[in-house]
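Below: one structure, written as structure tokens.
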Amino acid sequence: MTEKLELYDVTIIGGGPAGLYAAFYSGMRDMKTKLIEAKEELGGRTLIYPEKMIWDVGGVTPIRCSQLTRQMIEQAYTFEPTIVLGQQITGLERLEDGTMLLTAESGEQHLSKTLILALGHGVLKLAKLDISGAERYEVTNLYYTVEELESFRGKQVLISGGGDSAVDWANELVSIAASVTVVHRRERFGGHERSVRRMKESSVQVRTPYAVTQLHGRGDRIEAVSIAQINADGEPMHESEQIAVDAVLINHGLRGDFGPVVTWGLEKKDWNFKADEKLATNLPGIFVAGDAANYGSKLHLLAGAFTDAALAVNSAKHYLDPEAPQRAQVSSHNAKFTEKNKAFDAVEEGEGEA
Ligand SMILES: Cc1cc2nc3c(=O)[nH]c(=O)nc-3n(C[C@H](O)[C@H](O)[C@H](O)COP(=O)(O)OP(=O)(O)OC[C@H]3O[C@@H](n4cnc5c(N)ncnc54)[C@H](O)[C@@H]3O)c2cc1C
């Protein structure tokens, strides 16, 4: 089975900023590279805030995050690594010769000499309502996203959440539903100021700081919801009250999940993976980069993700070839870019002539 699999020098798991930069930098180090991303899209957490302006990446003047994501992806493709989308890596087996056999949740397998875990906070999934048994209502009137606004027409809708999604859906649904109640754990909403104001000025009933404490159903349908005012610790302060509902929409944001990777024997520190100053984990040939890494001076920023990525690639290169130089030759003097630079020179010459 593994005979048919192509063997890579390095496989990067995770296609966020750390993984994308590692894919570029490993090309500078002549490593046969594969990058595997669980989602169908590259970009990692930058996909959560595409509209935001980014100011704090060195040498990059203010840039819309969606544009920065596009540029990171373009850079990752520079040396034509193999990029696999839509596969969450769950299994790791070390073969007799030390190579690592990775298995995706969907069953596909990959073979690699080294690994760079650029997992961020894990695979982001919609945070579910933390009430036992709530999942049985998901087939009927407990929603985590709105697929069709019309299905809420004339209904009494309760929305739980206080971010952009909760506020935007409240504003969308208020003219369609019979009533919209928004329950949020904090006084302040995280959504855009203008949208929050619009919601508060509309007929949406806003209850803060409140939380959903119980669902009351008949069969597989929710008929009413108990909500209670909560204190700073999230504990109910008074008796709860019941609100009749036809639909409940939960917008509690996203939660990262490392999945079975945590069973691989990697040493953890707090919520992520312990690394040394060379980004090595406790397992041979396995390195970590970006938000998933935990070491003393870790910087949970894009700038930190890029630095980690280069360090992890250098360590992977050294693991394979202890005689290899400590780092890649700088790009300004690197012959790898000679041909590519000619294209830029030609454009500049053309501009000079015009
Ligand atoms: C709202 C918000 C605003 C921010 N603003 C800024 C800012 O202005 N400036 C700044 O510098 N930083 C900012 N950050 C932080 C920055 O986005 C992160 O530091 C950066 O995204 C970390 O990159 P990463 O590659 O380590 O992880 P991530 O971006 O989280 O990417 C990890 C990727 O790994 C994938 N993955 C995980 N597990 C698996 C698996 N088992 N198999 C396959 N794929 C897997 C995930 O799907 C994900 O795509 C912000 C973060 C947030 C949430």
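Lettering and numbering for the structure tokens are positional, with chains as A, B, ... in the shown order, residues counted from 1 in each chain, and ligands counted from 1 in the shown order.
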
Give as a PyMOL selection string the residues surrounding ligand 1 up to a distance of 8 Å, considering only C-alpha atoms and all ligand atoms. chain A and resi 13-20+36-39+41-46+48-49+52-57+86-90+104+118-124+256-261+289-293+299-305

List the neighbours of Tyr210 (chain A) out to 9 Å using only C-alpha atoms; skip same-chain residues closer than 5 positions along the sequence, and give me the result as a ChimeraX atom specification. /A:183-187,227-231,234,236

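Between Gln156 (chain A) and the residues A:Glu353, A:Glu277, A:Glu96, A:Glu223, the shortest atom-to-atom distance, using only C-alpha atoms, involves A:Glu223.
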
As number ranges by chain, please: every residue in region 112-332 of chain A that DSSP puts in strand (DSSP E). A: 112-117, 123-126, 142-143, 156-160, 179-183, 205-207, 210-218, 221-229, 241-244, 247-250, 254-257, 268-269, 272-274, 286-288, 293-294

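For the set A:Cys65, A:Ile116, A:Leu5, A:Val139, the residue with the smallest atom-to-atom gap to Lys317 (chain A) is A:Ile116, counting only C-alpha atoms.
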
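Within 9 Å of region 322-334 of chain A, once only C-alpha atoms are used and residues closer than 5 positions along the same chain are dropped, the contacting residues are A:Tyr25, A:Ser26, A:Met28, A:Arg29, A:Ala310, A:Leu311, A:Val313, A:Asn314, A:Ser315, A:Lys317.
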
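Across the structure, CA of Glu108 (chain A) and CA of Arg94 (chain A) are spaced 16.2 Å apart.
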
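Considering the residues A:Gly265, A:Pro62, A:Gly27, A:Gly133 and counting only C-alpha atoms, Thr82 (chain A) has its shortest atom-to-atom contact with A:Gly27.
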
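Distance-wise, CA of Gln71 (chain A) and CA of Glu51 (chain A) end up 15.0 Å apart.
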
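Residues of region 106-171 of chain A that DSSP, applied to the backbone, places in alpha helix (DSSP H): Asp164, Ser165, Ala166, Val167, Asp168, Trp169, Ala170 and Asn171 of chain A.
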